[in-house]
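Data from model-v3.txt: compact mmCIF, C-alpha atoms
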```txt
# COMPACT_ATOMS: atom_id res chain seq x y z
CA MET A 1 -81.72 -0.75 166.39
CA LYS A 2 -81.80 1.89 169.12
CA VAL A 3 -83.70 4.98 167.97
CA LEU A 4 -84.08 8.40 169.59
CA VAL A 5 -87.68 9.65 169.49
CA ILE A 6 -88.06 13.40 168.95
CA PRO A 7 -91.57 14.25 170.18
CA ASP A 8 -93.83 17.19 169.22
CA VAL A 9 -91.70 20.33 168.94
CA HIS A 10 -94.29 23.11 168.68
CA LEU A 11 -91.84 25.95 168.06
CA LYS A 12 -89.29 24.95 170.71
CA PRO A 13 -86.01 25.05 168.76
CA GLU A 14 -84.06 23.97 171.84
CA ILE A 15 -85.55 20.49 171.41
CA PHE A 16 -83.32 20.02 168.37
CA ASP A 17 -80.30 21.26 170.34
CA ARG A 18 -81.00 18.63 172.99
CA ALA A 19 -81.60 15.96 170.36
CA MET A 20 -78.30 16.78 168.69
CA ASP A 21 -76.50 16.50 172.03
CA ILE A 22 -78.12 13.09 172.59
CA MET A 23 -77.09 11.86 169.15
CA GLU A 24 -73.52 12.98 169.81
CA ASN A 25 -73.23 11.49 173.29
CA ALA A 26 -75.67 8.57 173.60
CA ASP A 27 -75.74 5.24 171.79
CA CYS A 28 -78.75 5.90 169.55
CA GLU A 29 -78.14 4.81 165.98
CA ARG A 30 -80.70 7.08 164.35
CA ALA A 31 -83.61 9.36 165.22
CA VAL A 32 -87.29 9.64 164.34
CA CYS A 33 -89.26 12.89 164.65
CA VAL A 34 -92.98 12.22 165.18
CA GLY A 35 -94.19 15.59 163.88
CA ASP A 36 -95.79 18.91 164.80
CA ILE A 37 -92.76 21.11 164.42
CA CYS A 38 -95.10 24.06 163.87
CA ASP A 39 -97.41 26.20 166.01
CA ASP A 40 -97.70 26.98 169.70
CA TRP A 41 -100.03 28.99 171.87
CA GLY A 42 -100.18 32.66 170.85
CA CYS A 43 -97.27 32.48 168.38
CA GLU A 44 -99.16 33.24 165.17
CA ASP A 45 -97.37 36.58 164.69
CA ASN A 46 -93.91 35.35 165.67
CA VAL A 47 -92.62 34.41 162.22
CA ALA A 48 -89.03 34.64 163.47
CA LEU A 49 -89.70 31.78 165.89
CA TYR A 50 -91.13 29.63 163.09
CA LYS A 51 -88.02 30.30 161.03
CA GLU A 52 -85.64 29.63 163.92
CA THR A 53 -87.32 26.32 164.76
CA LEU A 54 -87.50 25.13 161.17
CA GLN A 55 -83.89 26.13 160.57
CA LYS A 56 -82.87 24.01 163.59
CA ALA A 57 -84.88 21.12 162.14
CA LEU A 58 -83.10 21.50 158.82
CA GLU A 59 -79.69 21.63 160.51
CA PHE A 60 -80.51 18.44 162.40
CA ALA A 61 -81.71 16.79 159.19
CA ARG A 62 -78.52 17.66 157.38
CA LYS A 63 -76.31 16.41 160.19
CA TYR A 64 -78.32 13.19 160.63
CA PRO A 65 -79.74 12.46 157.15
CA ASN A 66 -80.95 8.96 158.09
CA THR A 67 -83.45 10.51 160.51
CA LEU A 68 -87.07 9.71 159.67
CA TRP A 69 -89.61 12.53 159.88
CA CYS A 70 -93.37 12.20 160.34
CA TYR A 71 -95.81 14.91 159.37
CA GLY A 72 -98.07 16.16 162.16
CA ASN A 73 -101.48 17.74 161.73
CA HIS A 74 -100.04 21.18 162.51
CA ASP A 75 -97.42 20.71 159.77
CA LEU A 76 -99.77 19.44 157.08
CA ALA A 77 -102.25 22.24 157.78
CA TYR A 78 -99.80 24.60 156.06
CA LEU A 79 -99.19 22.37 153.05
CA TRP A 80 -102.94 21.83 152.61
CA ASP A 81 -104.10 25.42 153.26
CA ARG A 82 -106.10 24.48 156.33
CA TYR A 83 -106.45 28.06 157.53
CA GLU A 84 -109.04 27.09 160.14
CA HIS A 85 -106.59 24.85 162.01
CA PRO A 86 -105.94 25.99 165.63
CA GLY A 87 -102.68 27.91 165.85
CA PHE A 88 -102.40 28.39 162.09
CA SER A 89 -100.23 31.40 161.19
CA GLU A 90 -101.02 32.91 157.81
CA LYS A 91 -97.97 35.13 158.26
CA ALA A 92 -95.70 32.11 158.62
CA GLN A 93 -97.25 29.88 155.94
CA ASP A 94 -94.74 30.71 153.20
CA THR A 95 -91.86 30.12 155.63
CA VAL A 96 -93.28 26.78 156.76
CA CYS A 97 -93.84 25.56 153.20
CA GLU A 98 -90.39 26.67 152.11
CA TYR A 99 -88.66 24.80 154.93
CA PHE A 100 -90.75 21.65 154.53
CA ASN A 101 -89.83 21.60 150.85
CA MET A 102 -86.17 21.79 151.86
CA LEU A 103 -86.63 19.06 154.46
CA ASP A 104 -88.32 16.85 151.89
CA GLU A 105 -85.22 17.13 149.71
CA GLU A 106 -82.91 16.10 152.57
CA VAL A 107 -84.68 13.31 154.47
CA SER A 108 -87.46 10.74 154.44
CA LEU A 109 -90.57 12.76 155.27
CA ALA A 110 -93.91 10.94 155.40
CA VAL A 111 -96.98 10.34 157.54
CA MET A 112 -95.86 6.88 158.70
CA HIS A 113 -92.61 4.94 158.92
CA ARG A 114 -91.73 1.42 160.02
CA ILE A 115 -88.41 0.20 161.38
CA ASP A 116 -88.41 -3.52 162.19
CA ASN A 117 -91.21 -4.10 164.73
CA VAL A 118 -91.99 -0.43 165.45
CA ILE A 119 -94.31 1.90 163.54
CA PHE A 120 -93.86 5.65 163.91
CA SER A 121 -96.52 8.24 163.13
CA HIS A 122 -97.87 11.40 164.67
CA ALA A 123 -101.06 9.92 166.12
CA GLY A 124 -101.22 6.19 165.35
CA LEU A 125 -102.89 3.81 162.94
CA THR A 126 -106.34 2.90 164.23
CA LYS A 127 -108.71 0.05 163.49
CA GLU A 128 -111.40 2.56 162.55
CA PHE A 129 -109.18 4.21 159.94
CA VAL A 130 -108.20 0.83 158.52
CA ASP A 131 -111.86 -0.19 158.32
CA ASP A 132 -112.76 2.99 156.43
CA TYR A 133 -109.79 3.40 154.09
CA LEU A 134 -107.50 0.34 154.07
CA ASN A 135 -109.75 -2.67 154.46
CA ASP A 136 -108.62 -4.40 151.24
CA ILE A 137 -104.95 -4.41 152.33
CA ARG A 138 -105.42 -4.66 156.10
CA ASP A 139 -103.20 -7.76 156.35
CA ASP A 140 -100.18 -6.12 154.65
CA VAL A 141 -98.62 -3.57 156.98
CA ASP A 142 -96.16 -2.18 154.45
CA ALA A 143 -98.86 -1.78 151.82
CA MET A 144 -101.00 0.10 154.36
CA ILE A 145 -98.11 2.42 155.25
CA ASP A 146 -97.41 3.09 151.56
CA ALA A 147 -101.10 3.83 150.98
CA VAL A 148 -101.33 6.19 153.95
CA ASN A 149 -98.25 8.05 152.75
CA CYS A 150 -100.02 8.69 149.43
CA PHE A 151 -103.25 9.94 151.01
CA GLY A 152 -104.22 13.60 151.02
CA ASP A 153 -106.40 15.66 153.30
CA GLY A 154 -109.51 13.93 151.98
CA GLU A 155 -108.55 10.83 153.91
CA LEU A 156 -106.19 12.12 156.58
CA TRP A 157 -108.30 15.03 157.86
CA ASP A 158 -110.28 12.47 159.82
CA ASP A 159 -110.54 12.10 163.60
CA THR A 160 -109.19 8.54 163.50
CA SER A 161 -106.35 9.09 161.01
CA PRO A 162 -102.60 8.73 161.74
CA ILE A 163 -102.33 12.53 162.14
CA TRP A 164 -105.45 13.08 164.27
CA ALA A 165 -106.30 9.94 166.28
CA ARG A 166 -106.28 9.92 170.06
CA PRO A 167 -106.65 6.26 171.07
CA GLN A 168 -105.23 6.97 174.53
CA LYS A 169 -107.39 6.31 177.58
CA GLY A 170 -109.59 9.31 178.26
CA PHE A 171 -109.89 10.25 174.59
CA ARG A 172 -110.69 7.04 172.66
CA MET A 173 -110.78 8.65 169.21
CA GLY A 174 -109.98 5.34 167.56
CA SER A 175 -108.58 2.05 168.84
CA VAL A 176 -104.99 0.99 168.20
CA TYR A 177 -104.42 -1.41 165.31
CA LEU A 178 -101.50 -3.77 164.56
CA THR A 179 -101.08 -5.14 168.06
CA GLU A 180 -98.04 -7.16 166.98
CA PHE A 181 -96.14 -3.89 166.46
CA LEU A 182 -95.24 -1.13 168.91
CA GLN A 183 -96.71 2.14 167.68
CA VAL A 184 -94.79 5.27 168.72
CA VAL A 185 -96.70 8.55 168.54
CA GLY A 186 -96.91 12.12 169.80
CA HIS A 187 -99.94 14.40 169.32
CA THR A 188 -101.65 13.78 172.67
CA PRO A 189 -99.97 15.72 175.52
CA MET A 190 -98.93 13.51 178.43
CA ARG A 191 -97.51 14.21 181.88
CA SER A 192 -94.93 11.47 181.30
CA ILE A 193 -94.05 9.13 178.47
CA ASP A 194 -96.71 6.46 178.52
CA GLN A 195 -97.02 2.94 177.18
CA THR A 196 -100.50 1.46 177.17
CA GLU A 197 -100.55 -1.94 175.51
CA ASN A 198 -98.78 -1.45 172.16
CA LEU A 199 -99.03 2.37 172.06
CA LEU A 200 -96.13 4.54 173.27
CA THR A 201 -97.07 8.24 173.55
CA THR A 202 -94.16 10.68 173.78
CA ASP A 203 -95.63 14.21 173.65
CA VAL A 204 -94.24 15.51 176.95
CA PHE A 205 -92.97 18.94 175.81
CA SER A 206 -96.36 20.56 175.19
CA THR A 207 -97.51 23.35 177.50
CA TRP A 208 -100.65 24.90 178.89
CA SER A 209 -102.00 27.94 177.03
CA ASP A 210 -100.24 30.26 179.51
CA GLY A 211 -96.86 28.66 178.80
CA ARG A 212 -96.63 26.48 181.92
CA LYS A 213 -95.07 23.08 181.39
CA PHE A 214 -97.52 20.23 181.04
CA GLY A 215 -95.18 17.26 180.75
CA GLU A 216 -91.84 16.10 182.09
CA GLU A 217 -89.85 17.24 179.01
CA GLU A 218 -87.80 14.05 178.69
CA PHE A 219 -86.64 12.06 175.67
CA CYS A 220 -86.81 8.32 175.18
CA TRP A 221 -85.18 5.68 173.04
CA VAL A 222 -86.87 2.70 171.42
CA ASP A 223 -85.32 -0.63 170.43
CA THR A 224 -87.01 -1.37 167.12
CA VAL A 225 -86.37 -5.12 167.31
CA THR A 226 -87.30 -5.93 170.92
CA LYS A 227 -89.89 -3.09 171.20
CA GLU A 228 -88.36 -2.08 174.53
CA TRP A 229 -87.93 1.58 175.41
CA GLY A 230 -86.37 3.73 178.08
CA TYR A 231 -85.56 7.28 179.09
CA ILE A 232 -82.41 8.97 177.83
CA ASP A 233 -80.08 9.31 180.83
```

Could you show the structure in this file as structure tokens?
Amino acid sequence: MKVLVIPDVHLKPEIFDRAMDIMENADCERAVCVGDICDDWGCEDNVALYKETLQKALEFARKYPNTLWCYGNHDLAYLWDRYEHPGFSEKAQDTVCEYFNMLDEEVSLAVMHRIDNVIFSHAGLTKEFVDDYLNDIRDDVDAMIDAVNCFGDGELWDDTSPIWARPQKGFRMGSVYLTEFLQVVGHTPMRSIDQTENLLTTDVFSTWSDGRKFGEEEFCWVDTVTKEWGYID
């Protein structure tokens, strides 16, 4: 199956416009959003931008209801009242929670998803997190995913969790687990979409604090059977 990956959005509603155009004109069969719809530099008071972005997400979800959605740390901060989280907007919290409740009624919204040989999450499943929280079921990938999707902030607000890990070179907050699967993540800003071993990192729309582009702002597709990927033309 050929899947469009929607990387970290961070209050850029035009990402959903581009994703909708891709779904209408490319040969992707479904889409997966890897999380962090919320928050961007200096936007805490811009509740209208939160609402515009979340409304675009909801419109995309309703048009493509088989899309899978992953929670990011910025998203769950609102549902778990993590007021200390960087970028958290107390003014927008009610709006965020309202829209995530609507999304949850429309689509499959969870921390982790698997399609065939590909696992999608915001930050990746790490060996360290498995050792600490999933050791008894470490040989059953679907059981681990089900368990993670039932965890709360007590387990997931951890540096090596699937919403916080940064196993990429240069960070090494956790080491990638499940080497027989391709793991597709966002969370860690990259200049270009990067595959290192079995980890594909797609967060290329994030910016510097002054609004300058950090990454190449391109989308990719993933073949969930062959584990191949490529840029959207």

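Nearest residue to A:Asp233 among A:Asp21, A:Glu14, A:Glu197, A:Asp131 is A:Asp21, counting all atoms listed in the file.
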
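Distances here use only C-alpha atoms; by that measure, the residue among A:Asp153, A:Asp116, A:Asp140, A:Glu24 closest to A:Asp81 is A:Asp153.
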
Practice item. Show me as a ChimeraX atom specification the residues that reach within 10 Å of (-89.8, 27.2, 164.0), counting all atoms listed in the file and using the file's own coordinates. Key: /A:9-13,37-40,46-57,92,95-96,99

What's around A:Val222 at 12 Å? Count only C-alpha atoms, leave out sequence neighbours fewer than 3 positions away in its own chain, and write the answer as a short mmCIF file (atom, residue, chain, number, x, y, z; two decimals) with C-alpha atoms, in the frame of the given file.
```
data_model
loop_
_atom_site.label_atom_id
_atom_site.label_comp_id
_atom_site.auth_asym_id
_atom_site.auth_seq_id
_atom_site.Cartn_x
_atom_site.Cartn_y
_atom_site.Cartn_z
CA MET A 1 -81.72 -0.75 166.39
CA LYS A 2 -81.80 1.89 169.12
CA VAL A 3 -83.70 4.98 167.97
CA LEU A 4 -84.08 8.40 169.59
CA VAL A 5 -87.68 9.65 169.49
CA ILE A 6 -88.06 13.40 168.95
CA ASP A 27 -75.74 5.24 171.79
CA CYS A 28 -78.75 5.90 169.55
CA GLU A 29 -78.14 4.81 165.98
CA ARG A 30 -80.70 7.08 164.35
CA ALA A 31 -83.61 9.36 165.22
CA VAL A 32 -87.29 9.64 164.34
CA ILE A 115 -88.41 0.20 161.38
CA ASP A 116 -88.41 -3.52 162.19
CA ASN A 117 -91.21 -4.10 164.73
CA VAL A 118 -91.99 -0.43 165.45
CA ILE A 119 -94.31 1.90 163.54
CA PHE A 120 -93.86 5.65 163.91
CA LEU A 182 -95.24 -1.13 168.91
CA GLN A 183 -96.71 2.14 167.68
CA VAL A 184 -94.79 5.27 168.72
CA VAL A 185 -96.70 8.55 168.54
CA ILE A 193 -94.05 9.13 178.47
CA GLN A 195 -97.02 2.94 177.18
CA LEU A 200 -96.13 4.54 173.27
CA THR A 201 -97.07 8.24 173.55
CA THR A 202 -94.16 10.68 173.78
CA PHE A 219 -86.64 12.06 175.67
CA VAL A 225 -86.37 -5.12 167.31
CA THR A 226 -87.30 -5.93 170.92
CA LYS A 227 -89.89 -3.09 171.20
CA GLU A 228 -88.36 -2.08 174.53
CA TRP A 229 -87.93 1.58 175.41
CA GLY A 230 -86.37 3.73 178.08
CA TYR A 231 -85.56 7.28 179.09
CA ILE A 232 -82.41 8.97 177.83
#
```

Exercise for review: For atom CA of A:Met102 and atom CA of A:Cys150, determine how far apart the two atoms are, in Å to one decimal place.
Suggested key: 19.2 Å

**Study point:** For A:Arg191: contacts at 8 Å, only C-alpha atoms, fewer than 6 positions along chain excluded, given as a PyMOL selection string
**Key:** chain A and resi 204+214-216

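Minimum atom-to-atom distance to A:Ser161, evaluated using only C-alpha atoms, belongs to A:Val130 out of A:Leu199, A:Leu178, A:Val130, A:Ala147.
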
**Study point:** Among listed residues A:Arg114, A:His122, A:Arg166, A:Arg18, nearest A:Cys70 (using all atoms listed in the file)
**Key:** A:His122

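With atom CA of A:Pro167 on one side and atom CA of A:Val107 on the other, the separation reads 28.4 Å.
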
Kindly add N, CA and C atoms to the incomplete stretch 120-141 of chain A and provide the output as a PDB file, keeping the file's coordinate frame.
```
ATOM      1  N   PHE A 120     -93.894   4.264 163.443  1.00  0.00           N
ATOM      2  CA  PHE A 120     -93.860   5.650 163.910  1.00  0.00           C
ATOM      3  C   PHE A 120     -94.857   6.478 163.102  1.00  0.00           C
ATOM      4  N   SER A 121     -95.654   7.264 163.792  1.00  0.00           N
ATOM      5  CA  SER A 121     -96.520   8.240 163.130  1.00  0.00           C
ATOM      6  C   SER A 121     -96.852   9.308 164.166  1.00  0.00           C
ATOM      7  N   HIS A 122     -97.555  10.337 163.724  1.00  0.00           N
ATOM      8  CA  HIS A 122     -97.870  11.400 164.670  1.00  0.00           C
ATOM      9  C   HIS A 122     -98.919  10.983 165.684  1.00  0.00           C
ATOM     10  N   ALA A 123     -99.929  10.222 165.234  1.00  0.00           N
ATOM     11  CA  ALA A 123    -101.060   9.920 166.120  1.00  0.00           C
ATOM     12  C   ALA A 123    -101.422   8.444 166.202  1.00  0.00           C
ATOM     13  N   GLY A 124    -100.959   7.620 165.267  1.00  0.00           N
ATOM     14  CA  GLY A 124    -101.220   6.190 165.350  1.00  0.00           C
ATOM     15  C   GLY A 124    -102.197   5.685 164.304  1.00  0.00           C
ATOM     16  N   LEU A 125    -101.977   4.462 163.873  1.00  0.00           N
ATOM     17  CA  LEU A 125    -102.890   3.810 162.940  1.00  0.00           C
ATOM     18  C   LEU A 125    -103.972   3.103 163.738  1.00  0.00           C
ATOM     19  N   THR A 126    -105.227   3.447 163.466  1.00  0.00           N
ATOM     20  CA  THR A 126    -106.340   2.900 164.230  1.00  0.00           C
ATOM     21  C   THR A 126    -107.142   1.898 163.421  1.00  0.00           C
ATOM     22  N   LYS A 127    -107.839   1.026 164.142  1.00  0.00           N
ATOM     23  CA  LYS A 127    -108.710   0.050 163.490  1.00  0.00           C
ATOM     24  C   LYS A 127    -109.793   0.760 162.687  1.00  0.00           C
ATOM     25  N   GLU A 128    -110.330   1.836 163.231  1.00  0.00           N
ATOM     26  CA  GLU A 128    -111.400   2.560 162.550  1.00  0.00           C
ATOM     27  C   GLU A 128    -110.934   3.133 161.212  1.00  0.00           C
ATOM     28  N   PHE A 129    -109.716   3.662 161.186  1.00  0.00           N
ATOM     29  CA  PHE A 129    -109.180   4.210 159.940  1.00  0.00           C
ATOM     30  C   PHE A 129    -108.924   3.096 158.927  1.00  0.00           C
ATOM     31  N   VAL A 130    -108.410   1.972 159.406  1.00  0.00           N
ATOM     32  CA  VAL A 130    -108.200   0.830 158.520  1.00  0.00           C
ATOM     33  C   VAL A 130    -109.522   0.346 157.949  1.00  0.00           C
ATOM     34  N   ASP A 131    -110.534   0.237 158.789  1.00  0.00           N
ATOM     35  CA  ASP A 131    -111.860  -0.190 158.320  1.00  0.00           C
ATOM     36  C   ASP A 131    -112.383   0.722 157.210  1.00  0.00           C
ATOM     37  N   ASP A 132    -112.181   2.014 157.364  1.00  0.00           N
ATOM     38  CA  ASP A 132    -112.760   2.990 156.430  1.00  0.00           C
ATOM     39  C   ASP A 132    -111.952   3.149 155.144  1.00  0.00           C
ATOM     40  N   TYR A 133    -110.624   3.022 155.223  1.00  0.00           N
ATOM     41  CA  TYR A 133    -109.790   3.400 154.090  1.00  0.00           C
ATOM     42  C   TYR A 133    -108.819   2.322 153.594  1.00  0.00           C
ATOM     43  N   LEU A 134    -108.566   1.294 154.401  1.00  0.00           N
ATOM     44  CA  LEU A 134    -107.500   0.340 154.070  1.00  0.00           C
ATOM     45  C   LEU A 134    -107.952  -1.116 154.181  1.00  0.00           C
ATOM     46  N   ASN A 135    -109.233  -1.336 154.169  1.00  0.00           N
ATOM     47  CA  ASN A 135    -109.750  -2.670 154.460  1.00  0.00           C
ATOM     48  C   ASN A 135    -109.205  -3.735 153.513  1.00  0.00           C
ATOM     49  N   ASP A 136    -109.048  -3.411 152.227  1.00  0.00           N
ATOM     50  CA  ASP A 136    -108.620  -4.400 151.240  1.00  0.00           C
ATOM     51  C   ASP A 136    -107.175  -4.848 151.425  1.00  0.00           C
ATOM     52  N   ILE A 137    -106.369  -4.051 152.144  1.00  0.00           N
ATOM     53  CA  ILE A 137    -104.950  -4.410 152.330  1.00  0.00           C
ATOM     54  C   ILE A 137    -104.605  -4.492 153.818  1.00  0.00           C
ATOM     55  N   ARG A 138    -105.601  -4.729 154.652  1.00  0.00           N
ATOM     56  CA  ARG A 138    -105.420  -4.660 156.100  1.00  0.00           C
ATOM     57  C   ARG A 138    -104.419  -5.690 156.626  1.00  0.00           C
ATOM     58  N   ASP A 139    -104.127  -6.742 155.880  1.00  0.00           N
ATOM     59  CA  ASP A 139    -103.200  -7.760 156.350  1.00  0.00           C
ATOM     60  C   ASP A 139    -101.764  -7.533 155.876  1.00  0.00           C
ATOM     61  N   ASP A 140    -101.519  -6.440 155.178  1.00  0.00           N
ATOM     62  CA  ASP A 140    -100.180  -6.120 154.650  1.00  0.00           C
ATOM     63  C   ASP A 140     -99.753  -4.769 155.219  1.00  0.00           C
ATOM     64  N   VAL A 141     -98.961  -4.809 156.280  1.00  0.00           N
ATOM     65  CA  VAL A 141     -98.620  -3.570 156.980  1.00  0.00           C
ATOM     66  C   VAL A 141     -97.863  -2.598 156.090  1.00  0.00           C
TER      67      VAL A 141
END
```
